[in-house]
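One structure is given below, encoded as structure tokens.
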Amino acid sequence: MRVWLIPMLFVATSAGAQVSAENPWSRATPPGATIGAGFVLLRNAGAADRVMGAASPVAGRVEMHVTVREGEVMKMREVSAFEIPAGGTFELRPGGAHLMLMGLKRPLKKGDKVPLTLKLEKGCELTVELEVQEMGARAPAHRRGH
């Protein structure tokens with residue numbers, strides 16, 4: 001009996017490759033603003049994974065934040081990871097978990113596409129383009145009925 005050893009490409013089968021992004025978006029920023037935000041729905045078809053960091057060429061750094069209530073005050077807190085459950089979703093949205101684009105190199109204008117790379121714990125990276133909506137948007141245009 002012969003046994004053939006065939007090299008496998010693990011990228012397509014790794015747990016990180018099972019994470020996909022839906023509706024990545026951001027808001028336009030006023031002239032001179034140095035901070036923006038990023039939102040996206042992460043869908044995981046595989047084992048549990050975590051977003052461990054993010055980067056964008058339009059920002060000096062990208063931080064991961066959650067919004068928490070302390071008494072009557074809502075505050076943002078930086079976190080080290082976002083948990084994406086096995087077979088589940090994790091949504092980055094206004095008023096909840098989100099990405100902060102710090103040290104913007106230029107203002108974000110409605111209609112811009114902002115490249116963003118999410119670094120997953122399983123070793124994969126997920127690159128998306130944030131579609132910039134108008135200032136103050138609470139959801140991407142197609143979810144608002146436009």
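Labeling convention for the structure tokens: chains A, B, ... as they appear, residues from 1 per chain, ligands from 1 in order of appearance.
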- Task: Identify, on the basis of only C-alpha atoms, every residue whose closest approach to range 98-111 of chain A does not exceed 12 Å; exclude the query and any residue fewer than 6 positions from it along the same chain; express the result as a PyMOL selection string.
- Result: chain A and resi 24-42+51-68+76-82+90-92+117-118+129-137+140-141
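When DSSP reads the backbone of this structure, the residues of chain A it assigns to helix (DSSP H, G or I) are Val11, Ala12, Thr13, Ala15, Gly16, Ala17, Gln18, Ala141, His142 and Arg143 of chain A.
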Write a file of the selected residues as an mmCIF file, in the first residue's frame, keeping N, CA and C atoms.
```cif
data_model
loop_
_atom_site.group_PDB
_atom_site.id
_atom_site.type_symbol
_atom_site.label_atom_id
_atom_site.label_comp_id
_atom_site.auth_asym_id
_atom_site.auth_seq_id
_atom_site.Cartn_x
_atom_site.Cartn_y
_atom_site.Cartn_z
ATOM 1 N N VAL A 11 -4.262 28.172 5.054
ATOM 2 C CA VAL A 11 -4.902 29.485 5.150
ATOM 3 C C VAL A 11 -6.405 29.379 4.940
ATOM 4 N N ALA A 12 -6.840 28.676 3.932
ATOM 5 C CA ALA A 12 -8.259 28.585 3.611
ATOM 6 C C ALA A 12 -9.043 27.786 4.639
ATOM 7 N N THR A 13 -8.361 26.922 5.395
ATOM 8 C CA THR A 13 -9.074 26.073 6.341
ATOM 9 C C THR A 13 -8.883 26.496 7.788
ATOM 10 N N ALA A 15 -9.246 28.613 11.272
ATOM 11 C CA ALA A 15 -10.412 29.212 11.913
ATOM 12 C C ALA A 15 -10.527 30.687 11.551
ATOM 13 N N GLY A 16 -9.391 31.389 11.468
ATOM 14 C CA GLY A 16 -9.410 32.804 11.127
ATOM 15 C C GLY A 16 -10.004 33.066 9.761
ATOM 16 N N ALA A 17 -9.779 32.143 8.834
ATOM 17 C CA ALA A 17 -10.313 32.300 7.488
ATOM 18 C C ALA A 17 -11.833 32.165 7.481
ATOM 19 N N GLN A 18 -12.415 31.699 8.572
ATOM 20 C CA GLN A 18 -13.859 31.532 8.666
ATOM 21 C C GLN A 18 -14.570 32.815 9.080
ATOM 22 N N ALA A 141 -25.973 53.430 5.102
ATOM 23 C CA ALA A 141 -27.113 53.961 4.349
ATOM 24 C C ALA A 141 -28.131 52.883 3.978
ATOM 25 N N HIS A 142 -27.688 51.708 3.529
ATOM 26 C CA HIS A 142 -28.642 50.682 3.089
ATOM 27 C C HIS A 142 -29.481 50.139 4.253
ATOM 28 N N ARG A 143 -29.023 50.280 5.487
ATOM 29 C CA ARG A 143 -29.812 49.836 6.649
ATOM 30 C C ARG A 143 -30.737 50.930 7.142
#
```
